[in-house]
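Novice: The structure is given below, and queries will be raised subsequently.
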Amino acid sequence: SVETYDGYILDLYRIPRPGSRDVAMFQHGMMDSAYGWVMKGDEGAIAFAAYDRGFDVFLANFRGAPPRKCKAKVSKRFWKYSFNELGMYDMTAVVGKINCIKEEELVGPDSMDASPGQQKEKRPYKLRVVGHSLGGAALLIYLSTAAKLGRDHHI
């Protein structure tokens, strides 16, 4: 699970290849979930194809995809959001979590000592993100927000 800045709890699934320096994250589109990347099974799904090619694979869900969890008490107003929040908060939380996992696996816990937003000389892994439809739009929002704020986007 990954918690966003504004209190949503997102599911992040993994087809683990812990030692891999090649990482792929898949983000679903509208009216879909992370399951869409694996539904064709191990011979036809793109997430399994990436794994077979040596990638450590992460499958992310946006807020609103089942099981729909949040930290605060659920109210009608809490579930009113736009795709801007998906890029600014959901993608930020998920990519940040993947970065923490990979940094700890490949470099060790001491790698987490850098201050937020500080760019490292060389990242020990290469993250590639595949976004379908809404997932691609949210990725663009995430990247442009990170650039505007001067933050490392980890991709």
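Every chain in the structure tokens takes a letter, A first, then B, and so on in the order presented; its residues are numbered from 1, and the ligands are numbered from 1 following the presented order.
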Do you know which residues are at most 9 Å from Gly54 (chain A) counting only C-alpha atoms, after dropping those on the same chain fewer than 3 positions away, and could you put them as a ChimeraX atom specification?
Specialist: /A:17,20-23,49-51
Novice: Go ahead and dump the residues you just picked, C-alpha atoms, as a PDB file, in the first residue's frame.
Specialist:
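Result file part.pdb:
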ATOM      1  CA  ARG A  17      12.986  -9.199  -9.467  1.00  0.00           C
ATOM      2  CA  SER A  20      17.280  -5.969 -11.316  1.00  0.00           C
ATOM      3  CA  ARG A  21      18.431  -2.487 -12.254  1.00  0.00           C
ATOM      4  CA  ASP A  22      15.725  -2.328 -14.925  1.00  0.00           C
ATOM      5  CA  VAL A  23      12.365  -1.366 -13.457  1.00  0.00           C
ATOM      6  CA  ALA A  49       6.556  -9.940 -20.852  1.00  0.00           C
ATOM      7  CA  ALA A  50       8.506  -7.164 -19.116  1.00  0.00           C
ATOM      8  CA  TYR A  51       9.328  -9.531 -16.250  1.00  0.00           C
TER       9      TYR A  51
END
Novice: Taking the DSSP secondary structure from the backbone, can you list the residues of chain A that are strand (DSSP E), as a list of chain:residue names?
Specialist: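 Secondary structure check on chain A, strand (DSSP E): A:Val2, A:Glu3, A:Tyr8, A:Ile9, A:Leu10, A:Leu12, A:Tyr13, A:Arg14, A:Ile15, A:Asp22, A:Val23, A:Ala24, A:Met25, A:Phe26, A:Gln27, A:Asp56, A:Val57, A:Phe58, A:Leu59, A:Ala60, A:Lys69, A:Cys70, A:Lys126, A:Leu127, A:Arg128, A:Val129, A:Val130, A:Gly131.
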Novice: Could you list, as a PyMOL selection string, every residue within 10 Å of region 138-150 of chain A, counting only C-alpha atoms and ignoring same-chain residues fewer than 5 positions away?
Specialist: chain A and resi 27+29+62+83-92+95+117-119+129-133+155
Novice: Can you tell me which residues surround Gly64 (chain A) at a distance of at most 10 Å, considering only C-alpha atoms, apart from same-chain residues fewer than 6 positions away, and format the answer as a compact mmCIF listing (two decimals) with C-alpha atoms, in the first residue's frame?
Specialist:
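Output (result25.txt):
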# COMPACT_ATOMS: atom_id res chain seq x y z
CA TYR A 8 -5.72 8.15 -0.26
CA ILE A 9 -4.41 4.59 0.14
CA LEU A 10 -3.34 3.08 -3.17
CA MET A 30 -9.78 5.15 -16.92
CA MET A 31 -12.30 2.51 -15.80
CA ASP A 32 -9.49 -0.03 -15.33
CA SER A 33 -7.10 -1.26 -12.65
CA CYS A 70 -8.55 6.39 2.35
CA TRP A 79 -14.13 11.33 -3.62
CA LYS A 80 -14.43 14.41 -5.84
CA TYR A 81 -11.11 14.76 -7.64
Novice: Could you name the residues that touch Asp11 (chain A) at 7 Å or less, counting only C-alpha atoms, but leaving out those on the same chain fewer than 5 positions away, as an MDAnalysis selection string?
Specialist: chainID A and resid 1:2 60:61
Novice: I'd like to know which residues of region 2-143 of chain A are helix (DSSP H, G or I) (by DSSP, run on the backbone); could you write them as a ChimeraX atom specification?
Specialist: /A:34-37,46-52,77-79,83-106,109-113,134-143
Novice: Go through A:Arg53, A:Lys40, A:Arg68, A:His154 one by one, measure the shortest atom-to-atom distance of each to Lys102 (chain A) using only C-alpha atoms, and give the residue with the smallest value.
Specialist: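 Result for the nearest residue to Lys102 (chain A): A:His154.
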Novice: Nearest to Gly108 (chain A): which of A:Pro67, A:Pro124, A:His153, A:Lys73 is it, counting only C-alpha atoms?
Specialist: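 Comparing A:Pro67, A:Pro124, A:His153, A:Lys73 against Gly108 (chain A), the winner is A:Pro124.
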Novice: Kindly give the distance, in Å, that separates CA of Phe58 (chain A) and CA of Ile15 (chain A), rounded to a single decimal.
Specialist: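 Between CA of Phe58 (chain A) and CA of Ile15 (chain A) the gap works out to 6.4 Å.
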Novice: Using CA of Glu104 (chain A) and CA of Lys69 (chain A) as the two end points, give the distance in Å to one decimal.
Specialist: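 Value for the CA of Glu104 (chain A)-CA of Lys69 (chain A) distance: 26.7 Å.
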